[in-house]
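Here the structure is laid out as C-alpha cells; the discussion comes afterwards.
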Amino acid sequence: MNDFSRGQLLLSTLLSPLAMADWLLDVSFELSSYCHSKHAVNTSLSLVPGEETIFFNGLSQSKHNLCREVIGRAQLLDVSPDEVKIAFQIQERLDDGGWRTILAKTLSTGLNMPVLFESENTDLEERVKLQIEIMTA
C-alpha cells in the first residue's frame, strides 16, 4: 500500500461515523483439521488502518503428527459510513519453511452486525469458521 492510499484510508476512517466512537472488532475463529485437531480463538482487537494485526498464532498437527505454526492476520481495508471491510488471512507454515494459505477472505460489516464465514476443504479435510462483529466500546 503506497503512502497516498494509506493517507486516503486514514482520512476516510477519520471522517466516518464508525471512527467517531471507540470500537472493537470481536473475532471468533475455529480451525478443524484432518487429524481431528481443533483450534478456537475468541478475541477482541483494535485495528489500525493499513496495518496487519495478528489475532491468532498457534500450532497445528499434520497427518504425520508434526507440529506446524498457524497464524491468523487481519487488516482494516476500508471504512465508510455504513460498513468496514477487513481482510483476513490464515496461513500454515510448511515443513520446507514456506507458507500455505488456508483462508484469504475479505469481510464487510457494520456496527453490531455479526458476519459469519465458513469454509470446508474436503481434499484436506479442513474446516474454517470465522465470525466477526464490530461494536462500540
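As shown in the C-alpha cells, the chain order sets the letters A, B, ...; within each chain, residues go from 1, and ligands are also counted from 1 in the order they appear.
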As a ChimeraX atom specification, which residues of stretch 43-109 of chain A does DSSP assign to strand (DSSP E or B)? /A:43-45,52-61,67-79,84-93,99-109
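Residues with any atom within 7 Å of stretch 41-55 of chain A, counting only C-alpha atoms and excluding same-chain neighbours fewer than 5 positions away, are Arg6, Leu9, Leu10, Leu24, Leu25, Asp26, Val27, Ser28, Phe29, Glu30, Gly72, Arg73, Ala74, Gln75, Leu76 and Leu77 of chain A.
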Would you output that residue set with all heavy atoms, as a tab-separated table (two decimals), in the first residue's frame?
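Saved to part-v9.tsv:
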```tsv
chain	number	residue	atom	x	y	z
A	6	ARG	N	-2.63	4.94	1.78
A	6	ARG	CA	-2.69	4.86	3.24
A	6	ARG	C	-3.30	6.14	3.80
A	6	ARG	O	-4.11	6.12	4.71
A	6	ARG	CB	-1.30	4.62	3.80
A	6	ARG	CG	-1.28	4.04	5.18
A	6	ARG	CD	0.11	3.74	5.60
A	6	ARG	NE	0.64	2.68	4.75
A	6	ARG	CZ	1.21	1.59	5.18
A	6	ARG	NH1	1.37	1.41	6.46
A	6	ARG	NH2	1.65	0.67	4.38
A	9	LEU	N	-7.06	6.17	3.11
A	9	LEU	CA	-7.74	5.27	4.03
A	9	LEU	C	-7.84	5.91	5.41
A	9	LEU	O	-8.89	5.88	6.04
A	9	LEU	CB	-7.01	3.92	4.10
A	9	LEU	CG	-7.57	2.90	5.07
A	9	LEU	CD1	-9.01	2.54	4.69
A	9	LEU	CD2	-6.71	1.66	5.07
A	10	LEU	N	-6.75	6.54	5.87
A	10	LEU	CA	-6.76	7.17	7.17
A	10	LEU	C	-7.77	8.33	7.20
A	10	LEU	O	-8.54	8.47	8.15
A	10	LEU	CB	-5.36	7.66	7.53
A	10	LEU	CG	-5.20	8.28	8.92
A	10	LEU	CD1	-5.62	7.28	10.00
A	10	LEU	CD2	-3.77	8.72	9.13
A	24	LEU	N	-14.50	-1.94	18.88
A	24	LEU	CA	-13.75	-3.18	19.00
A	24	LEU	C	-14.18	-4.14	17.90
A	24	LEU	O	-15.35	-4.20	17.54
A	24	LEU	CB	-14.01	-3.85	20.34
A	24	LEU	CG	-13.55	-3.12	21.58
A	24	LEU	CD1	-14.07	-3.86	22.82
A	24	LEU	CD2	-12.04	-3.04	21.62
A	25	LEU	N	-13.25	-4.91	17.42
A	25	LEU	CA	-13.55	-5.99	16.49
A	25	LEU	C	-13.48	-7.29	17.28
A	25	LEU	O	-12.43	-7.64	17.81
A	25	LEU	CB	-12.54	-6.02	15.34
A	25	LEU	CG	-12.66	-7.21	14.39
A	25	LEU	CD1	-13.96	-7.15	13.61
A	25	LEU	CD2	-11.47	-7.27	13.45
A	26	ASP	N	-14.62	-7.96	17.42
A	26	ASP	CA	-14.65	-9.28	18.05
A	26	ASP	C	-14.46	-10.33	16.97
A	26	ASP	O	-15.14	-10.30	15.95
A	26	ASP	CB	-15.98	-9.52	18.76
A	26	ASP	CG	-16.07	-8.79	20.09
A	26	ASP	OD1	-15.03	-8.28	20.56
A	26	ASP	OD2	-17.16	-8.72	20.65
A	27	VAL	N	-13.53	-11.25	17.21
A	27	VAL	CA	-13.22	-12.31	16.26
A	27	VAL	C	-13.41	-13.65	16.95
A	27	VAL	O	-12.86	-13.89	18.02
A	27	VAL	CB	-11.77	-12.21	15.74
A	27	VAL	CG1	-11.44	-13.35	14.79
A	27	VAL	CG2	-11.52	-10.87	15.07
A	28	SER	N	-14.18	-14.51	16.32
A	28	SER	CA	-14.32	-15.89	16.75
A	28	SER	C	-13.83	-16.76	15.60
A	28	SER	O	-14.37	-16.71	14.50
A	28	SER	CB	-15.78	-16.20	17.07
A	28	SER	OG	-15.91	-17.56	17.41
A	29	PHE	N	-12.78	-17.52	15.85
A	29	PHE	CA	-12.13	-18.29	14.79
A	29	PHE	C	-11.98	-19.74	15.22
A	29	PHE	O	-11.56	-20.02	16.34
A	29	PHE	CB	-10.74	-17.68	14.51
A	29	PHE	CG	-9.82	-18.55	13.72
A	29	PHE	CD1	-10.07	-18.80	12.38
A	29	PHE	CD2	-8.70	-19.11	14.30
A	29	PHE	CE1	-9.22	-19.61	11.65
A	29	PHE	CE2	-7.84	-19.91	13.58
A	29	PHE	CZ	-8.10	-20.16	12.25
A	30	GLU	N	-12.35	-20.66	14.33
A	30	GLU	CA	-12.18	-22.10	14.57
A	30	GLU	C	-11.54	-22.73	13.35
A	30	GLU	O	-11.94	-22.46	12.22
A	30	GLU	CB	-13.51	-22.79	14.82
A	30	GLU	CG	-14.14	-22.47	16.14
A	30	GLU	CD	-15.45	-23.22	16.35
A	30	GLU	OE1	-15.72	-24.20	15.63
A	30	GLU	OE2	-16.22	-22.79	17.22
A	72	GLY	N	-3.01	-16.25	12.10
A	72	GLY	CA	-4.16	-15.53	11.55
A	72	GLY	C	-3.91	-14.04	11.61
A	72	GLY	O	-3.50	-13.52	12.64
A	73	ARG	N	-4.15	-13.38	10.49
A	73	ARG	CA	-3.92	-11.93	10.40
A	73	ARG	C	-5.18	-11.23	9.94
A	73	ARG	O	-5.96	-11.78	9.18
A	73	ARG	CB	-2.81	-11.63	9.38
A	73	ARG	CG	-1.47	-12.19	9.75
A	73	ARG	CD	-0.46	-11.87	8.65
A	73	ARG	NE	0.86	-12.33	8.98
A	73	ARG	CZ	1.37	-13.50	8.60
A	73	ARG	NH1	0.65	-14.31	7.86
A	73	ARG	NH2	2.59	-13.83	8.93
A	74	ALA	N	-5.35	-9.98	10.37
A	74	ALA	CA	-6.47	-9.14	9.94
A	74	ALA	C	-5.90	-7.78	9.56
A	74	ALA	O	-4.94	-7.30	10.17
A	74	ALA	CB	-7.49	-8.98	11.06
A	75	GLN	N	-6.51	-7.17	8.52
A	75	GLN	CA	-6.08	-5.84	8.10
A	75	GLN	C	-7.31	-5.03	7.72
A	75	GLN	O	-8.12	-5.45	6.91
A	75	GLN	CB	-5.13	-5.93	6.91
A	75	GLN	CG	-4.63	-4.57	6.47
A	75	GLN	CD	-3.62	-4.66	5.33
A	75	GLN	OE1	-3.40	-5.71	4.76
A	75	GLN	NE2	-3.03	-3.53	5.00
A	76	LEU	N	-7.43	-3.85	8.31
A	76	LEU	CA	-8.52	-2.93	8.00
A	76	LEU	C	-8.26	-2.32	6.63
A	76	LEU	O	-7.24	-1.68	6.41
A	76	LEU	CB	-8.58	-1.83	9.06
A	76	LEU	CG	-9.65	-0.76	8.89
A	76	LEU	CD1	-11.04	-1.37	8.94
A	76	LEU	CD2	-9.49	0.29	9.97
A	77	LEU	N	-9.17	-2.57	5.68
A	77	LEU	CA	-9.00	-2.09	4.32
A	77	LEU	C	-9.74	-0.79	4.04
A	77	LEU	O	-9.22	0.09	3.36
A	77	LEU	CB	-9.48	-3.15	3.31
A	77	LEU	CG	-8.75	-4.47	3.30
A	77	LEU	CD1	-9.38	-5.41	2.30
A	77	LEU	CD2	-7.27	-4.27	3.01
```
What is the atom CA of A:Asn112-atom CA of A:Ile134 distance in Å, reported with one decimal? 5.6 Å
Rank nothing, just name the residue among A:Thr109, A:Asp82, A:Ile132, A:Glu126 nearest to A:Leu31, using only C-alpha atoms.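 Of all the options, A:Glu126 lies closest to A:Leu31.
Atom CA of A:Trp99 is positioned 26.8 Å from atom CA of A:Val115.
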How many Å lie between atom CA of A:Met135 and atom CA of A:Leu111, rounded to one decimal?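 Spanning atom CA of A:Met135 to atom CA of A:Leu111 is a straight-line distance of 5.6 Å.
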So, with only C-alpha atoms as the atoms that count, which of A:Phe56, A:Met113, A:Ile102, A:Leu107 lies closest to A:Glu125?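 Of the candidates, the smallest distance to A:Glu125 is held by A:Ile102.
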When you count only C-alpha atoms, which of these residues is closest to A:Leu130: A:Lys85, A:Asn57, A:Ile90, A:Thr101? A:Ile90
Which residue out of A:Arg68, A:Lys38, A:Glu83, A:Ser33 has the minimum interatomic distance to A:Asp96 when only C-alpha atoms are used? A:Arg68
Which of these residues is nearest to A:Arg127, using only C-alpha atoms: A:Ser80, A:Ser32, A:Gln89, A:Ser108?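 Of the candidates, the smallest distance to A:Arg127 is held by A:Ser32.
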